[in-house]
Amino acid sequence: MPEGDTVWHTAAVLRAGLAGKSLTHCDIRVPRYATVDLSGLTVDEVVSRGKHLFIRIGPASVHSHLKMDGSWRVHPPGGSSRAGHRIRIILATADVQAVGIDLGVLEVLDRASDMDAVAHLGPDLLGDDWDAGMATRNLTAEPQRALAAALLDQRVMAGIGNVYCNELCFIAGRRPTSAVGSLPDPARLVRRARDMLWLNRSRWNRATTGDTRKGRDLWVYGRAGLPCRRCGASIEMDPTGDRITYWCPRCQR
Ligand SMILES: [Zn+2]
């Protein structure tokens, strides 16, 4: 599932492949933008904000959001893609082809105002302008709110998806349904969130435990019924809400 670190890494890959180069081909398979042709223009920069991506090309900005299943692939031109009908956009230069697959959001914006699309977001956990103080104030603004709901709210801070949400609840010793106001040290949890995404931003195999080996990489997410790494209790799961939650019944209150 794409979270802020995946999007940051995707932006880096797109930047390395496209930035500074002229587009030789542009194919946008969204009816509203089917006639938009950016070929001949130069890709100036690729920017990520939270879980949003912007590819700035001349006067345009291609805004995408990966949502649940989206991805961008960068590879040499001409190679056939197995994605077929799931392809939403192809941007090609003389030596590289960037293909957007199953993108949850894809729109072509005016570059001058593209950041309006993310004006509602809280501080970006991987942004140059990351503001831990503001993120902490946002997180604690509604003390009665469930911790998981607050962590997933991109207006609080941008970049946390459901994996990090569950892992952060474990690290805080609080259940996903616990009130934010029960956190002993909200500023510390915000720091841990930043550290987690920062450490994982340049790799695809995400780890929150400090051990990137498969099966040892997460504390609770996806581990229902397995023993807690810290205390051995069986990890519990609730699949009934908007997002699945996982927690240790002994370590988390
Ligand atoms: Zn435990």
# chains A, B, ... in the order shown; residues from 1 in each chain; ligands from 1
$ select_by_dssp --residues "stretch 9-150 of chain A" --states "alpha helix (DSSP H)" --output "list of chain:residue names"
A:His9, A:Thr10, A:Ala11, A:Ala12, A:Val13, A:Leu14, A:Arg15, A:Ala16, A:Gly17, A:Leu18, A:Ala132, A:Gly133, A:Met134, A:Ala135, A:Thr136, A:Arg137, A:Asn138, A:Leu139, A:Leu147, A:Ala148, A:Ala149, A:Ala150
$ residues_near_ligand --ligand "ligand 1" --cutoff "9 Å" --atoms "only C-alpha atoms and all ligand atoms" --output "list in words"
Phe170, Pro227, Cys228, Arg229, Arg230, Cys231, Gly232, Ala233, Ser234, Ile235, Trp247, Cys248, Pro249, Arg250, Cys251 and Gln252 of chain A
$ residues_around --residues "A:Lys51" --least-positions-apart "5" --cutoff "6 Å" --atoms "only C-alpha atoms" --output "list of chain:residue names"
A:Gly4, A:Val7, A:Gly159
$ write_last_selection --atoms "N, CA and C atoms" --output "PDB file, in the first residue's frame"
ATOM      1  N   GLY A   4       3.542   7.699   2.357  1.00  0.00           N
ATOM      2  CA  GLY A   4       4.355   8.846   1.991  1.00  0.00           C
ATOM      3  C   GLY A   4       5.761   8.495   1.530  1.00  0.00           C
ATOM      4  N   VAL A   7       5.711   7.295  -2.064  1.00  0.00           N
ATOM      5  CA  VAL A   7       5.484   8.400  -2.990  1.00  0.00           C
ATOM      6  C   VAL A   7       6.766   9.232  -3.139  1.00  0.00           C
ATOM      7  N   GLY A 159       1.317  11.980   4.878  1.00  0.00           N
ATOM      8  CA  GLY A 159       2.233  10.903   4.507  1.00  0.00           C
ATOM      9  C   GLY A 159       1.975   9.580   5.188  1.00  0.00           C
TER      10      GLY A 159
END
$ residues_around --residues "A:Val96" --least-positions-apart "5" --cutoff "6 Å" --atoms "only C-alpha atoms" --output "list in words"
His75, Pro76 and Pro77 of chain A
$ atom_distance --atom1 "atom CA of A:Ser48" --atom2 "atom CA of A:Trp8"
5.9 Å
$ select_by_dssp --residues "stretch 13-242 of chain A" --states "strand (DSSP E)" --output "JSON, numbers by chain"
{"A": [25, 26, 27, 28, 43, 44, 45, 46, 47, 48, 49, 52, 53, 54, 55, 56, 57, 60, 61, 62, 63, 64, 65, 71, 72, 73, 74, 75, 87, 88, 89, 90, 91, 92, 97, 98, 99, 100, 101, 105, 106, 107, 108, 109, 110, 236, 237, 238]}
$ closest_residue --among "A:Gly40, A:Gly161, A:Gly222, A:Pro31" --to "A:Thr6" --atoms "only C-alpha atoms"
A:Gly161
$ residues_around --residues "A:Val156" --least-positions-apart "3" --cutoff "7 Å" --atoms "only C-alpha atoms" --output "ChimeraX atom specification"
/A:122,135,138-139,150,153
$ write_last_selection --atoms "N, CA, C and O atoms" --output "PDB file, in the first residue's frame"
ATOM      1  N   GLY A 122      -1.701  18.843   6.099  1.00  0.00           N
ATOM      2  CA  GLY A 122      -0.865  19.267   7.214  1.00  0.00           C
ATOM      3  C   GLY A 122       0.606  19.174   6.815  1.00  0.00           C
ATOM      4  O   GLY A 122       0.919  18.871   5.662  1.00  0.00           O
ATOM      5  N   ALA A 135       2.635  19.863  13.488  1.00  0.00           N
ATOM      6  CA  ALA A 135       2.056  18.521  13.410  1.00  0.00           C
ATOM      7  C   ALA A 135       1.578  18.066  14.791  1.00  0.00           C
ATOM      8  O   ALA A 135       0.505  17.466  14.928  1.00  0.00           O
ATOM      9  N   ASN A 138      -1.596  19.925  15.631  1.00  0.00           N
ATOM     10  CA  ASN A 138      -2.718  19.368  14.857  1.00  0.00           C
ATOM     11  C   ASN A 138      -3.172  18.035  15.444  1.00  0.00           C
ATOM     12  O   ASN A 138      -4.368  17.759  15.551  1.00  0.00           O
ATOM     13  N   LEU A 139      -2.192  17.197  15.812  1.00  0.00           N
ATOM     14  CA  LEU A 139      -2.513  15.857  16.317  1.00  0.00           C
ATOM     15  C   LEU A 139      -3.325  15.939  17.609  1.00  0.00           C
ATOM     16  O   LEU A 139      -4.240  15.144  17.829  1.00  0.00           O
ATOM     17  N   ALA A 150      -6.831  10.117  13.741  1.00  0.00           N
ATOM     18  CA  ALA A 150      -6.037  11.351  13.696  1.00  0.00           C
ATOM     19  C   ALA A 150      -4.753  11.152  12.890  1.00  0.00           C
ATOM     20  O   ALA A 150      -4.354  12.013  12.119  1.00  0.00           O
ATOM     21  N   ASP A 153      -5.422  11.150   9.186  1.00  0.00           N
ATOM     22  CA  ASP A 153      -5.972  12.401   8.650  1.00  0.00           C
ATOM     23  C   ASP A 153      -4.829  13.226   8.057  1.00  0.00           C
ATOM     24  O   ASP A 153      -3.988  13.749   8.792  1.00  0.00           O
TER      25      ASP A 153
END
$ residues_around --residues "A:Glu142" --least-positions-apart "5" --cutoff "10 Å" --atoms "only C-alpha atoms" --output "CSV table (one decimal) with N, CA, C and O atoms, in the first residue's frame"
chain,number,residue,atom,x,y,z
A,137,ARG,N,0.7,20.0,17.3
A,137,ARG,CA,-0.5,20.8,17.7
A,137,ARG,C,-1.8,20.3,16.9
A,137,ARG,O,-2.8,20.1,17.5
A,147,LEU,N,-7.0,7.7,18.0
A,147,LEU,CA,-5.6,7.9,17.6
A,147,LEU,C,-5.4,7.5,16.1
A,147,LEU,O,-4.8,8.3,15.4
A,150,ALA,N,-6.8,10.1,13.7
A,150,ALA,CA,-6.0,11.4,13.7
A,150,ALA,C,-4.8,11.2,12.9
A,150,ALA,O,-4.4,12.0,12.1
A,179,ALA,N,-8.0,7.3,22.7
A,179,ALA,CA,-8.1,8.8,22.4
A,179,ALA,C,-6.7,9.4,22.3
A,179,ALA,O,-5.8,9.0,23.0
A,180,VAL,N,-6.6,10.3,21.4
A,180,VAL,CA,-5.3,11.0,21.2
A,180,VAL,C,-4.9,11.6,22.6
A,180,VAL,O,-3.7,11.6,22.9
A,181,GLY,N,-5.9,12.1,23.4
A,181,GLY,CA,-5.5,12.7,24.6
A,181,GLY,C,-4.9,11.8,25.6
A,181,GLY,O,-4.3,12.3,26.6
$ closest_residue --among "A:Ala158, A:Ala224, A:Met196, A:Leu189" --to "A:Arg174" --atoms "only C-alpha atoms"
A:Leu189
$ atom_distance --atom1 "atom CA of A:Gly173" --atom2 "atom CA of A:Asp185"
10.8 Å
$ closest_residue --among "A:Thr245, A:Ala117, A:Ile57, A:Glu236" --to "A:Leu152" --atoms "only C-alpha atoms"
A:Thr245
$ closest_residue --among "A:Thr177, A:Asp69, A:Leu126, A:Ser22" --to "A:Asp44" --atoms "only C-alpha atoms"
A:Ser22
